[in-house]
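Trainee: The structure file target-v8.txt (compact mmCIF, C-alpha atoms) is provided below.
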```txt
# COMPACT_ATOMS: atom_id res chain seq x y z
CA MET Y 19 32.31 22.75 16.31
CA GLU Y 20 29.46 25.31 16.39
CA GLN Y 21 28.60 27.29 19.48
CA ARG Y 22 25.36 26.34 21.21
CA TYR Y 23 22.07 28.15 20.70
CA GLU Y 24 19.55 27.23 23.36
CA ASP Y 25 15.90 26.83 22.35
CA GLY Y 26 13.70 29.49 23.89
CA GLY Y 27 10.64 28.83 21.77
CA SER Y 28 9.92 32.34 20.50
CA ALA Y 29 11.10 35.90 19.89
CA GLY Y 30 14.35 34.97 18.28
CA GLY Y 31 15.21 32.41 20.96
CA ARG Y 32 15.17 29.31 18.75
CA ALA Y 33 18.40 28.04 17.26
CA GLU Y 34 17.02 28.16 13.72
CA ASP Y 35 16.01 31.81 14.19
CA PHE Y 36 19.67 32.72 14.57
CA ALA Y 37 20.76 31.32 11.20
CA GLN Y 38 20.39 34.54 9.20
CA ILE Y 39 21.94 36.79 11.82
CA ARG Y 40 24.85 34.37 12.28
CA ARG Y 41 25.59 34.58 8.57
CA ALA Y 42 25.29 38.36 8.57
CA ALA Y 43 27.44 38.70 11.67
CA ARG Y 44 30.15 36.44 10.28
CA SER Y 45 30.36 38.51 7.10
CA THR Y 46 30.65 41.73 9.12
CA LEU Y 47 32.86 40.57 11.99
CA ALA Y 48 36.09 39.42 10.41
CA ALA Y 49 38.43 37.55 12.76
CA ARG Y 50 40.92 39.97 14.30
CA HIS Y 51 42.90 37.70 16.58
CA ALA Y 52 44.29 34.36 15.45
CA ALA Y 53 45.11 33.31 19.01
CA ARG Y 54 42.51 32.46 21.62
CA PRO Y 55 42.12 35.16 24.30
CA GLU Y 56 43.43 33.42 27.40
CA THR Y 57 42.03 35.83 29.99
CA ILE Y 58 38.78 37.66 30.58
CA GLY Y 59 40.60 40.94 30.06
CA ALA Y 60 41.99 39.78 26.73
CA LEU Y 61 38.47 38.90 25.55
CA VAL Y 62 37.10 42.29 26.59
CA ASP Y 63 40.00 44.10 24.90
CA ALA Y 64 39.38 42.18 21.68
CA LEU Y 65 35.63 42.82 21.72
CA SER Y 66 36.25 46.50 22.41
CA GLY Y 67 38.10 46.58 19.12
CA LEU Y 68 34.83 45.61 17.43
CA PHE Y 69 32.45 47.63 19.60
CA SER Y 70 34.48 50.66 20.57
CA PRO Y 71 33.72 52.23 23.97
CA HIS Y 72 34.42 55.56 22.25
CA ASP Y 73 31.23 55.04 20.21
CA ALA Y 74 29.07 54.46 23.30
CA GLU Y 75 26.87 57.16 24.77
CA PRO Y 76 28.53 59.15 27.60
CA TRP Y 77 26.01 57.86 30.15
CA ASP Y 78 26.47 54.20 29.20
CA ARG Y 79 28.48 51.34 30.72
CA THR Y 80 30.71 49.37 28.36
CA GLY Y 81 33.04 46.40 28.74
CA LEU Y 82 33.89 44.63 32.01
CA LEU Y 83 31.69 45.69 34.95
CA VAL Y 84 32.28 42.85 37.42
CA GLY Y 85 35.16 40.39 37.59
CA ASP Y 86 38.91 39.88 37.42
CA ALA Y 87 40.41 40.78 34.06
CA ALA Y 88 43.41 38.56 34.81
CA GLU Y 89 41.33 35.42 35.37
CA ARG Y 90 41.62 32.64 32.81
CA LEU Y 91 38.75 32.54 30.30
CA GLU Y 92 36.82 29.28 30.60
CA GLY Y 93 33.66 29.92 28.60
CA VAL Y 94 31.22 32.63 27.52
CA ALA Y 95 27.44 32.73 27.87
CA CYS Y 96 25.75 35.41 25.73
CA ALA Y 97 22.36 36.92 26.54
CA LEU Y 98 20.34 40.09 26.17
CA ASP Y 99 20.14 40.84 29.91
CA PRO Y 100 22.34 40.03 32.93
CA THR Y 101 19.68 38.37 35.07
CA ILE Y 102 20.17 35.98 37.95
CA ASP Y 103 18.61 33.23 35.84
CA ALA Y 104 21.23 33.89 33.18
CA LEU Y 105 23.98 33.71 35.81
CA VAL Y 106 22.64 30.38 37.06
CA ARG Y 107 22.58 28.98 33.53
CA ALA Y 108 26.07 30.30 32.78
CA GLU Y 109 27.39 28.55 35.89
CA GLU Y 110 25.70 25.29 34.84
CA LEU Y 111 27.44 25.55 31.47
CA GLY Y 112 30.85 26.18 33.02
CA ALA Y 113 31.08 29.70 31.60
CA ASN Y 114 32.87 32.30 33.69
CA VAL Y 115 31.79 35.28 31.56
CA LEU Y 116 28.21 36.43 31.06
CA LEU Y 117 28.34 38.71 28.02
CA THR Y 118 25.22 40.79 27.45
CA HIS Y 119 23.85 43.69 25.45
CA HIS Y 120 22.31 45.53 28.39
CA PRO Y 121 24.54 46.46 31.34
CA ALA Y 122 23.92 45.18 34.85
CA PHE Y 123 23.63 48.79 35.97
CA LEU Y 124 24.12 52.36 34.82
CA ASP Y 125 24.36 53.93 38.28
CA PRO Y 126 26.26 51.63 40.68
CA PRO Y 127 23.97 49.96 43.23
CA ALA Y 128 24.05 51.54 46.68
CA PHE Y 129 24.11 48.11 48.33
CA ILE Y 130 25.24 44.73 47.04
CA GLY Y 131 23.71 41.69 48.67
CA PRO Y 132 22.09 38.24 48.23
CA ARG Y 133 18.65 37.59 46.81
CA ALA Y 134 17.04 37.53 50.28
CA SER Y 135 18.45 40.96 51.12
CA GLY Y 136 17.03 44.41 50.52
CA ALA Y 137 19.46 45.06 47.68
CA SER Y 138 18.20 46.35 44.35
CA VAL Y 139 17.98 43.93 41.43
CA ALA Y 140 21.32 45.27 40.18
CA GLY Y 141 22.85 44.81 43.63
CA LYS Y 142 21.65 41.21 43.76
CA VAL Y 143 22.96 40.48 40.26
CA VAL Y 144 26.40 41.86 41.12
CA TYR Y 145 26.45 39.83 44.34
CA GLU Y 146 25.47 36.60 42.59
CA ALA Y 147 28.01 37.17 39.82
CA ALA Y 148 30.83 37.68 42.31
CA LYS Y 149 29.67 34.74 44.44
CA ARG Y 150 29.61 32.40 41.45
CA GLY Y 151 32.88 33.67 39.98
CA ILE Y 152 31.24 34.89 36.79
CA ALA Y 153 32.40 38.12 35.19
CA LEU Y 154 29.82 40.54 33.81
CA ALA Y 155 30.64 42.32 30.56
CA ASN Y 156 28.40 44.14 28.13
CA TYR Y 157 28.28 46.16 24.92
CA HIS Y 158 25.21 48.35 24.80
CA THR Y 159 25.15 51.55 22.75
CA ALA Y 160 28.59 50.68 21.37
CA LEU Y 161 26.92 47.63 19.82
CA ASP Y 162 23.79 49.57 18.81
CA VAL Y 163 25.82 51.75 16.43
CA SER Y 164 28.29 49.10 15.23
CA ALA Y 165 28.78 47.68 11.76
CA ALA Y 166 27.22 44.40 12.93
CA ALA Y 167 24.08 46.20 14.09
CA GLN Y 168 23.67 47.77 10.66
CA THR Y 169 23.04 44.35 9.12
CA MET Y 170 21.01 42.69 11.87
CA LEU Y 171 17.35 43.67 11.48
CA PRO Y 172 17.57 44.38 7.73
CA GLY Y 173 19.07 40.93 7.21
CA LEU Y 174 16.44 39.18 9.30
CA LEU Y 175 13.61 41.00 7.53
CA SER Y 176 15.08 40.68 4.01
CA LEU Y 177 15.32 44.44 3.50
CA ASP Y 178 17.89 46.19 1.31
CA ARG Y 179 19.97 48.48 3.53
CA VAL Y 180 21.00 51.75 1.87
CA GLY Y 181 22.22 53.99 4.70
CA VAL Y 182 22.15 55.10 8.33
CA LEU Y 183 19.34 57.27 9.69
CA ASP Y 184 21.30 58.92 12.52
CA PRO Y 185 25.02 58.48 11.71
CA LEU Y 186 27.96 59.03 14.03
CA ASP Y 187 29.98 62.18 13.48
CA ARG Y 188 33.22 60.23 13.16
CA ASP Y 189 31.94 57.64 10.69
CA ALA Y 190 28.74 58.00 8.67
CA ARG Y 191 28.67 54.23 8.07
CA LEU Y 192 27.89 53.70 11.77
CA GLY Y 193 25.03 54.96 13.89
CA TYR Y 194 21.43 54.45 14.91
CA GLY Y 195 18.75 53.21 12.52
CA GLN Y 196 19.13 51.53 9.17
CA VAL Y 197 17.51 53.12 6.11
CA CYS Y 198 16.20 50.35 3.87
CA ARG Y 199 14.35 49.74 0.64
CA ILE Y 200 11.84 46.95 0.25
CA SER Y 201 13.51 44.18 -1.75
CA GLU Y 202 10.34 43.54 -3.76
CA GLY Y 203 10.01 47.24 -4.58
CA SER Y 204 6.82 47.62 -2.56
CA LEU Y 205 4.51 45.63 -0.31
CA THR Y 206 1.69 46.43 2.07
CA LEU Y 207 2.18 47.41 5.68
CA GLU Y 208 0.26 44.30 6.71
CA ALA Y 209 2.56 42.06 4.65
CA LEU Y 210 5.64 43.55 6.30
CA ALA Y 211 4.07 43.15 9.73
CA LEU Y 212 3.31 39.50 8.97
CA ARG Y 213 6.93 39.04 7.93
CA CYS Y 214 7.97 40.41 11.33
CA THR Y 215 5.67 37.91 13.04
CA ALA Y 216 7.15 35.04 11.02
CA VAL Y 217 10.72 36.05 11.84
CA PHE Y 218 10.36 36.85 15.54
CA GLY Y 219 7.55 34.51 16.56
CA ARG Y 220 5.55 37.27 18.22
CA ALA Y 221 2.97 39.61 16.75
CA PRO Y 222 4.02 43.28 16.72
CA ARG Y 223 1.85 46.32 17.37
CA VAL Y 224 1.23 48.13 14.10
CA TRP Y 225 0.24 51.75 13.53
CA GLY Y 226 -1.20 52.60 10.10
CA ASP Y 227 -3.46 51.38 7.33
CA PRO Y 228 -2.91 47.63 6.75
CA GLY Y 229 -3.21 48.13 2.99
CA MET Y 230 -0.77 51.04 2.87
CA PRO Y 231 1.96 50.42 0.26
CA VAL Y 232 5.47 50.76 1.70
CA SER Y 233 8.69 51.01 -0.30
CA SER Y 234 11.04 52.53 2.29
CA ALA Y 235 11.66 51.48 5.88
CA VAL Y 236 13.92 52.19 8.83
CA THR Y 237 14.88 49.49 11.32
CA TRP Y 238 15.80 50.62 14.83
CA THR Y 239 16.37 48.31 17.79
CA GLY Y 240 15.10 49.03 21.28
CA SER Y 241 13.54 52.37 22.16
CA ALA Y 242 12.89 54.49 19.09
CA GLY Y 243 13.89 57.80 20.69
CA PRO Y 244 14.20 60.42 17.92
CA ALA Y 245 13.58 57.93 15.11
CA PRO Y 246 9.95 58.91 14.30
CA ASP Y 247 10.85 62.56 13.74
CA LEU Y 248 13.93 61.61 11.70
CA CYS Y 249 11.84 59.25 9.57
CA LEU Y 250 9.24 61.92 8.89
CA LYS Y 251 11.96 64.36 7.82
CA ARG Y 252 13.36 61.75 5.41
CA GLY Y 253 9.97 60.78 3.99
CA ILE Y 254 10.27 57.17 5.19
CA ASP Y 255 7.13 55.03 4.89
CA VAL Y 256 7.48 52.77 7.94
CA LEU Y 257 9.59 52.53 11.09
CA VAL Y 258 10.26 49.01 12.41
CA CYS Y 259 11.51 49.37 15.99
CA GLY Y 260 11.42 47.93 19.47
CA GLU Y 261 9.05 50.37 21.12
CA VAL Y 262 7.68 53.91 20.83
CA LYS Y 263 6.02 56.07 23.47
CA TYR Y 264 2.27 56.11 22.89
CA HIS Y 265 1.82 59.82 22.19
CA THR Y 266 4.94 59.88 20.03
CA ALA Y 267 3.54 56.99 17.97
CA LEU Y 268 0.11 58.62 17.79
CA ASP Y 269 1.57 61.88 16.48
CA ALA Y 270 3.88 60.12 14.02
CA ALA Y 271 1.07 57.94 12.66
CA SER Y 272 -1.15 61.00 12.30
CA ALA Y 273 1.63 62.64 10.28
CA GLY Y 274 1.74 59.69 7.88
CA LEU Y 275 4.48 57.44 9.28
CA ALA Y 276 3.53 53.79 9.76
CA LEU Y 277 5.12 52.06 12.74
CA ILE Y 278 5.75 48.42 13.60
CA GLU Y 279 6.65 47.89 17.27
CA LEU Y 280 8.34 44.53 17.73
CA GLY Y 281 8.85 44.91 21.48
CA HIS Y 282 12.06 46.25 23.02
CA ASP Y 283 13.47 42.85 23.93
CA VAL Y 284 12.22 41.10 20.79
CA SER Y 285 14.05 43.59 18.57
CA GLU Y 286 17.30 43.09 20.49
CA LEU Y 287 17.36 39.36 21.28
CA PRO Y 288 19.40 38.68 18.09
CA PHE Y 289 22.21 40.78 19.60
CA SER Y 290 23.14 37.73 21.68
CA ALA Y 291 23.96 35.94 18.43
CA VAL Y 292 26.00 38.94 17.28
CA LEU Y 293 27.97 38.83 20.53
CA ALA Y 294 28.50 35.09 20.16
CA GLU Y 295 29.83 35.51 16.63
CA ALA Y 296 32.06 38.34 17.83
CA CYS Y 297 33.55 36.05 20.49
CA ALA Y 298 34.22 33.39 17.87
CA GLY Y 299 35.70 36.01 15.57
CA VAL Y 300 38.29 37.05 18.16
CA GLY Y 301 39.39 33.47 18.79
CA VAL Y 302 37.16 31.97 21.47
CA PRO Y 303 36.48 28.32 20.55
CA ARG Y 304 32.89 27.96 19.36
CA ALA Y 305 32.37 25.00 21.70
CA SER Y 306 33.01 27.39 24.62
CA ILE Y 307 30.27 29.85 23.57
CA THR Y 308 26.55 29.52 24.30
CA CYS Y 309 23.66 31.83 23.35
CA LEU Y 310 21.16 31.75 26.19
CA ALA Y 311 17.47 31.84 25.27
CA MET Y 312 16.49 34.03 28.20
CA GLN Y 313 13.08 35.70 27.90
CA GLY Y 314 11.85 38.70 29.83
CA GLY Y 315 9.34 36.83 31.98
CA TRP Y 316 6.23 38.04 30.14
CA PHE Y 317 3.84 36.40 27.68
CA TYR Y 318 0.79 36.96 25.49
CA PRO Y 319 -2.24 35.10 26.93
CA GLU Y 320 -3.38 34.12 23.42
CA SER Y 321 -0.07 32.36 22.82
CA ARG Y 322 -0.91 29.95 25.65
CA ARG Y 323 -4.30 28.87 24.38
CA ALA Y 324 -4.71 25.15 23.76
```
Kindly present the structure from the file in structure tokens form.

Mentor:
Amino acid sequence: MEQRYEDGGSAGGRAEDFAQIRRAARSTLAARHAARPETIGALVDALSGLFSPHDAEPWDRTGLLVGDAAERLEGVACALDPTIDALVRAEELGANVLLTHHPAFLDPPAFIGPRASGASVAGKVVYEAAKRGIALANYHTALDVSAAAQTMLPGLLSLDRVGVLDPLDRDARLGYGQVCRISEGSLTLEALALRCTAVFGRAPRVWGDPGMPVSSAVTWTGSAGPAPDLCLKRGIDVLVCGEVKYHTALDAASAGLALIELGHDVSELPFSAVLAEACAGVGVPRASITCLAMQGGWFYPESRRA
């Protein structure tokens, strides 16, 4: 039985939007454990074999943040962010693990309390998770640099991946940013941007001449960070990413690099499908896994026009 993919209506939230990434993730994430992980700790240990904490940034949080590792695993809800809405939905589904890309916190909250309290958002999330008996686990930068991440955006956008833009020292096959060639040889910047709109259901922000021919691209989820400078040094035509700081994008575009900004969350929503496939790959029954279609609470006004 397949795991469930809830219908969020846009930005990679629809079940059909996950089809390509599910196939790519399955080909990358070979099953490592024949037996079902019986405890929350066993699940986290197995996932850490796929998304090594050693590959995460030193400032990051990885693995189990809230919960009892010895507790029996009942079900897993996968999402981009550990929000209270996601916790509520996980509880409704009978899942006792909320597995996300982003961590609930980087610096521990100073106070943990209910929603009506003066606690920070992170403090309220931790409180609600503990109250509902739902463990919080995440794989953030460890997932960003993983083998599964290397196939995600290139696969969704039908790009031919040829390398890593910013590889890890220990393994050049892993790292940030995927260097790609255009499968058709070349197409216009506008055509690639329209492909992004078709795949993710939301129009990106595009920097550059719409008619510019592009034959090389880099995909980079989330915040672009050093990607624009690295792309310029490599002579890349276009950077497809989550988001770029305005002045960084302005300078990069002036230097000849086209940019397609998908939106931070839009570029990373497919990670929930990667996490779901990873859970299945380490032995969690697919019927016990759900991908939550949780959006960030924002919208484009034009998308709501009658």

Trainee: Here is a test: counting all atoms listed in the file, which residue of Y:Gln196, Y:Ser272, Y:Thr239, Y:Thr101 is nearest to Y:Asp227?

Mentor: Y:Ser272

Trainee: Using only C-alpha atoms, which residue out of Y:Ala305, Y:Ala221, Y:Ala216, Y:Leu68 lies closest to Y:Leu161?

Mentor: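 Between Y:Ala305, Y:Ala221, Y:Ala216, Y:Leu68, the residue approaching Y:Leu161 most closely is Y:Leu68.
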
Trainee: Report the distance between atom CA of Y:Val197 and atom CA of Y:Pro172 in Å, rounded to one decimal place.

Mentor: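 Separation of atom CA of Y:Val197 and atom CA of Y:Pro172: 8.9 Å.
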
Trainee: When you count only C-alpha atoms, which of these residues is closest to Y:Ala147: Y:Gly240, Y:Pro228, Y:Pro185, Y:Gly85?

Mentor: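 For Y:Ala147, the nearest of the given residues is Y:Gly85.
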
Trainee: Env of Y:Leu111: 12 Å cut, atoms = all atoms listed in the file, seq-sep filter 5 positions within chain, self excluded. Answer as an NGL selection string.

Mentor: :Y and (22 or 24 or 92-96 or 104-106 or 116 or 152 or 305-310)

Trainee: List every residue of stretch 80-199 of chain Y that has an atom at most 12 Å from any atom of stretch 255-261 of chain Y, and for each one report the closest atom pair and its distance in Å to one decimal, counting only C-alpha atoms, with rows sorted by chain and then by increasing residue number, as a tab-separated table.

Mentor:
```
residue	atom	partner	partner_atom	distance
Y:Leu171	CA	Y:Val258	CA	8.9
Y:Pro172	CA	Y:Val258	CA	9.8
Y:Leu175	CA	Y:Val258	CA	10.0
Y:Leu177	CA	Y:Val258	CA	11.2
Y:Leu183	CA	Y:Leu257	CA	10.9
Y:Tyr194	CA	Y:Cys259	CA	11.2
Y:Gly195	CA	Y:Cys259	CA	8.9
Y:Gln196	CA	Y:Val258	CA	9.8
Y:Val197	CA	Y:Leu257	CA	9.4
Y:Cys198	CA	Y:Val256	CA	9.9
Y:Arg199	CA	Y:Asp255	CA	9.9
```

Trainee: In Å, how far is it from atom CA of Y:Leu91 to atom CA of Y:Phe69?

Mentor: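 Those two atoms sit 19.5 Å apart.
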
Trainee: So how many Å separate atom CA of Y:Pro231 and atom CA of Y:Gly203, to one decimal?

Mentor: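 Going from atom CA of Y:Pro231 over to atom CA of Y:Gly203 covers 9.9 Å.
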
Trainee: Using only C-alpha atoms, which residue out of Y:His158, Y:Arg133, Y:His120, Y:Arg213 lies closest to Y:Leu174?

Mentor: Y:Arg213

Trainee: In terms of the shortest atom-to-atom distance over all atoms listed in the file, which of Y:Pro132, Y:Gly181, Y:Gly219, Y:Gly173 is closest to Y:Arg252?

Mentor: Y:Gly181

Trainee: Every residue with an atom at most 8 Å from (3.8, 46.8, 9.9) (file coordinates; all atoms listed in the file) is what I'm after, so could you write them as a list in words?

Mentor: Leu207, Glu208, Ala209, Leu210, Ala211, Leu212, Cys214, Pro222, Arg223, Val224, Trp225, Gly226, Pro228, Val256, Val258, Ala276, Leu277, Ile278 and Glu279 of chain Y

Trainee: Go through Y:Leu205, Y:Val262, Y:Val292, Y:Val144 and flag the residue nearest Y:Met170, using only C-alpha atoms for the distances.

Mentor: Y:Val292

Trainee: Using all atoms listed in the file, which residues sit within 8 Å of Y:Arg90 once same-chain residues fewer than 3 positions away are excluded, as a CSV table (one decimal) with C-alpha atoms, in the coordinates of the input?

Mentor:
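Generated file (selection.csv):
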```csv
chain,number,residue,atom,x,y,z
Y,56,GLU,CA,43.4,33.4,27.4
Y,57,THR,CA,42.0,35.8,30.0
Y,58,ILE,CA,38.8,37.7,30.6
```

Trainee: Once 8 Å is added on each side, what centre and edge lengths in Å to one decimal does the axis-aligned box around all listed atoms of stretch 161-180 of chain Y have, as AutoDock Vina command-line options?

Mentor:
```
--center_x 21.2 --center_y 45.5 --center_z 10.6 --size_x 31.2 --size_y 28.6 --size_z 34.5
```
